[in-house]
Amino acid sequence: MEIWVFGNPDLAVDAVPIQILPRLRAAFPDHQFIHQDPLDEWEMPRRLMIIDTIQGIPSVQAFTSLDAFQNAPHVTMHDFDLGTQLQFMQKLGKLSEEMVIFGVPAGYGPDGAFDQLVPLLRQYGL
């Protein structure tokens, strides 16, 4: 199974999902963890699993609906983020019916994120 990982390695508050990629790949060798760009065009898998940084959550959490997220203001194209891209795909009817977004709190440390993420990934079938 593919698990898409988002984040900006150059921005510390958003880099943790990328930083833990090697550990995730070692812990789940039968699955592909792929670093994706939120603005690329994607071929949607039947079951979409995403790991990304989310602001405003206290711990690593799993979300199965976009309804849980607030819309961010969009002033320029630089404000077009993963959430906006997923909402756009949903409007077009191209978003996978089975979707799980694993949110890592902004500013969380890599060890805490990894330790909380592994059981959640297992809970959702990895």
# chains A, B, ... in the order shown; residues from 1 in each chain; ligands from 1

call {"tool": "residues_around", "arguments": {"residues": "Met99 in chain A", "least_positions_apart": "2", "cutoff": "6 Å", "atoms": "only C-alpha atoms", "output": "list of chain:residue names"}}
result
A:Arg47, A:Leu48, A:Met49, A:Thr64

call {"tool": "residues_around", "arguments": {"residues": "range 113-117 of chain A", "least_positions_apart": "6", "cutoff": "7 Å", "atoms": "only C-alpha atoms", "output": "PyMOL selection string"}}
result
chain A and resi 20+60+104

call {"tool": "write_last_selection", "arguments": {"atoms": "N, CA and C atoms", "output": "short mmCIF file (atom, residue, chain, number, x, y, z; two decimals), in the first residue's frame"}}
result
data_model
loop_
_atom_site.label_atom_id
_atom_site.label_comp_id
_atom_site.auth_asym_id
_atom_site.auth_seq_id
_atom_site.Cartn_x
_atom_site.Cartn_y
_atom_site.Cartn_z
N ILE A 20 10.75 11.61 9.69
CA ILE A 20 10.52 10.24 10.18
C ILE A 20 10.31 9.24 9.04
N VAL A 60 -0.89 13.28 17.70
CA VAL A 60 -1.09 12.64 16.40
C VAL A 60 -2.51 12.08 16.36
N VAL A 104 0.09 15.09 12.15
CA VAL A 104 1.17 15.29 13.11
C VAL A 104 1.10 16.76 13.55
#

call {"tool": "closest_residue", "arguments": {"among": "A:Glu98, A:Trp42, A:Leu24, A:Gly107", "to": "Ile54 in chain A", "atoms": "only C-alpha atoms"}}
result
A:Gly107

call {"tool": "select_by_dssp", "arguments": {"residues": "chain A", "states": "strand (DSSP E)", "output": "count of residues only"}}
result
27

call {"tool": "closest_residue", "arguments": {"among": "A:Ala27, A:Leu66, A:Ala106, A:Val100", "to": "Gln87 in chain A", "atoms": "only C-alpha atoms"}}
result
A:Leu66
